[in-house]
Number of protein chains: 2
Amino acid sequence: MAKRKISNPLALAVLGCLYERPMHPYEMAMTLRNRAKQESIKLNYGSLYSVVESLERRGWIVSRETEREGRRPERTVYALTKSGEVEFFDWLSELLGVPVKEYTQFEAGLSFMAALPPDAVVRLLRERSDLLADEIKQMNEYGAMVSDAVLPRLFRVESEYWQMLREAELKWVKQLADEIENKELSGIDQWAEFVEQLSQQERSE
Amino acid sequence: MAKRKISNPLALAVLGCLYERPMHPYEMAMTLRNRAKQESIKLNYGSLYSVVESLERRGWIVSRETEREGRRPERTVYALTKSGEVEFFDWLSELLGVPVKEYTQFEAGLSFMAALPPDAVVRLLRERSDLLADEIKQMNEYGAMVSDAVLPRLFRVESEYWQMLREAELKWVKQLADEIENKELSGIDQWAEFVEQLSQQERSE
DNA sequence: CAGCGTATATTCTGGATCGAGTATTAGGTA
DNA sequence: TACCTAATACTCGATCCAGAATATACGCTG
């Protein structure tokens with residue numbers, strides 16, 4: 001599984017938009033926004049235009065025409081090519097079929113958790129739990145608002161996935177906080193003195 | 001919560017290493033490798049040196065001495081400063097206490113799932129399940145090998161977290177595949193014809 | 001002891017990425 | 001009608017970062 005030459009998920013979104021019909025970049029951005037896809041694919045204008053450029057270099061999309069309405073800025077409309085369609089399906093299949101390791105910020109934090117005193121960690125994990133619970137509540141409220149008639153589940157599985165991950169995390173974080181508090185975590189007895197020792201060090205300005 | 005000036009998690013790892021004792025960059029890399037932290041924080045040499053440089057520019061670390069053993073390449077030893085220690089704790093606390101949105105590849109794939117025919121999606125999700133199950137099995141075997149005596153749980157919570165996420169995903173992916181297969185997903189009746197329609201389009205070379 | 005792979009330690013380069021900036025028009029309002 | 005804000009559409013520049021390249025030393029094998 002060699003690394004894809006273009007790996008920014010935003011490029012997949014561009015291919016996905018053009019799979020439906022030709023568009024200019026700003027229109028793709030609007031389309032993604034309207035469908036709430038920017039919740040699952042990071043959209044920023046700088047990246048959008050540079051990604052479109054590199055897709056064109058690869059020959060996966062072609063610029064069709066540059067139109068202008070009135071004296072608004074000129075806009076370039078792009079269309080998907082045959083090879084672009086192949087790449088789209090191929091990439092999409094790989095994303096769905098093959099799990100890859102992703103690095104999360106929280107994981108990085110957990111890696112160095114032991115540098116903080118146990119009680120501070122418990123406090124932070126509780127704070128995280130609360131914020132996660134809020135977020136989940138909001139997602140539920142929003143989800144209840146959007147009925148199947150408006151947007152069938154088919155088009156919002158990605159947000160269900162994300163919500164599921166957050167719920168799983170919430171449960172886990174609560175449990176970890178409890179385990180630390182109840183001193184059930186192996187290594188916890190050395191932890192406090194370990195932290196104490198390290199905090200003695202002198203630092204230059 | 002303004003964006004951190006240096007946001008690469010590898011920088012946190014550098015601060016974390018130097019919190020223990022002064023080191024040169026290559027030594028940090030080895031330390032992280034030995035503790036299997038590169039499983040949760042992406043480590044690559046190019047980034048390591050550039051991150052160290054920018055930490056120095058910020059004044060969070062200082063270069064102490066450049067030594068050389070024999071005629072091996074010269075190496076620069078860095079130490080944490082007071083402000084670096086402050087940044088380390090501050091950053092670490094934020095990572096643990098405040099959940100942030102992260103964009104995963106799979107989510108991006110799910111966002112455009114509807115572009116593939118239902119049966120293809122089911123096949124891909126089953127493939128993913130199998131691979132996830134393998135991965136989980138391997139993590140379990142590895143975890144059983146590493147006893148608490150060797151490496152207390154305190155120092156491997158990050159891998160437990162990751163494993164938990166994968167297990168949750170596995171369960172969810174299986175369920176989604178079943179729902180599609182049993183046509184329980186709302187919108188599924190239009191799906192097939194929607195795909196059919198789009199696939200009719202002509203593409204330039 | 002010549003040769004080869006691996007470990008040590010860092011630098012270099014070009015492409016990716018992000019946020020901020022620019023310019024125009026449309027629409028609302030006081 | 002002059003002003004303000006929001007929307008439209010894109011561009012620019014600075015930084016970030018991955019991967020490859022470089023250079024030396026060590027240890028093993030035949």
# chains A, B, ... in the order shown; residues from 1 in each chain; ligands from 1
$ select_by_dssp --residues "chain B" --states "strand (DSSP E)" --output "PyMOL selection string"
chain B and resi 61-67+75-80
$ closest_atom_pairs --of "chain D" --to "region 2-26 of chain C" --cutoff "8 Å" --atoms "only C-alpha atoms (C1' of nucleotides)" --output "CSV"
residue,atom,partner,partner_atom,distance
D:DA7,C1',C:DA26,C1',8.0
D:DT8,C1',C:DT25,C1',7.9
D:DT11,C1',C:DT22,C1',7.8
D:DC12,C1',C:DG21,C1',7.9
D:DC16,C1',C:DT17,C1',7.6
D:DA21,C1',C:DC12,C1',7.8
D:DT22,C1',C:DT11,C1',7.7
D:DA25,C1',C:DT8,C1',7.8
D:DC26,C1',C:DA7,C1',7.8
$ interface_residues --of "chain A" --to "chain D" --cutoff "10 Å" --atoms "only C-alpha atoms (C1' of nucleotides)" --output "count of residues only"
12
$ closest_residue --among "A:Thr81, A:Gln38, A:Ser50, A:Ser111" --to "Pro9 (chain B)" --atoms "only C-alpha atoms"
A:Ser111
$ select_by_dssp --residues "region 2-179 of chain A" --states "alpha helix (DSSP H)" --output "PyMOL selection string"
chain A and resi 9-20+25-34+45-58+82-97+105-111+118-145+157-179
$ closest_atom_pairs --of "chain B" --to "chain A" --cutoff "6 Å" --atoms "only C-alpha atoms" --output "CSV"
residue,atom,partner,partner_atom,distance
B:Ser40,CA,A:Ala108,CA,5.9
B:Ile41,CA,A:Ala108,CA,5.8
B:Thr81,CA,A:Ser204,CA,5.0
B:Lys82,CA,A:Arg203,CA,5.3
B:Leu92,CA,A:Gly109,CA,5.6
B:Leu95,CA,A:Gly109,CA,5.3
B:Leu96,CA,A:Gly109,CA,5.6
B:Gly97,CA,A:Leu124,CA,4.5
B:Val98,CA,A:Arg128,CA,5.4
B:Tyr103,CA,A:Ser40,CA,5.9
B:Phe106,CA,A:Leu95,CA,5.6
B:Glu107,CA,A:Glu158,CA,5.4
B:Ala108,CA,A:Ile41,CA,5.8
B:Gly109,CA,A:Leu95,CA,5.2
B:Leu110,CA,A:Glu158,CA,5.3
B:Ser111,CA,A:Glu158,CA,5.6
B:Leu124,CA,A:Gly97,CA,4.5
B:Leu125,CA,A:Gly97,CA,5.7
B:Glu127,CA,A:Gly97,CA,5.6
B:Arg128,CA,A:Gly97,CA,4.6
B:Pro152,CA,A:Gly187,CA,5.1
B:Arg153,CA,A:Ser186,CA,5.4
B:Leu154,CA,A:Gly187,CA,5.7
B:Glu158,CA,A:Leu110,CA,5.3
B:Ser186,CA,A:Arg153,CA,5.4
B:Gly187,CA,A:Pro152,CA,5.1
B:Arg203,CA,A:Thr81,CA,5.1
B:Ser204,CA,A:Thr81,CA,5.0
B:Glu205,CA,A:Lys82,CA,5.4
$ atom_distance --atom1 "CA of Val14 (chain A)" --atom2 "CA of Tyr142 (chain A)"
26.4 Å
$ atom_distance --atom1 "CA of Leu170 (chain B)" --atom2 "CA of Gln138 (chain B)"
14.4 Å
$ atom_distance --atom1 "CA of Glu65 (chain A)" --atom2 "CA of Met23 (chain A)"
10.1 Å
$ closest_residue --among "A:Gln200, A:Ser54, A:Val146, A:Leu18" --to "chain C" --atoms "only C-alpha atoms (C1' of nucleotides)"
A:Ser54
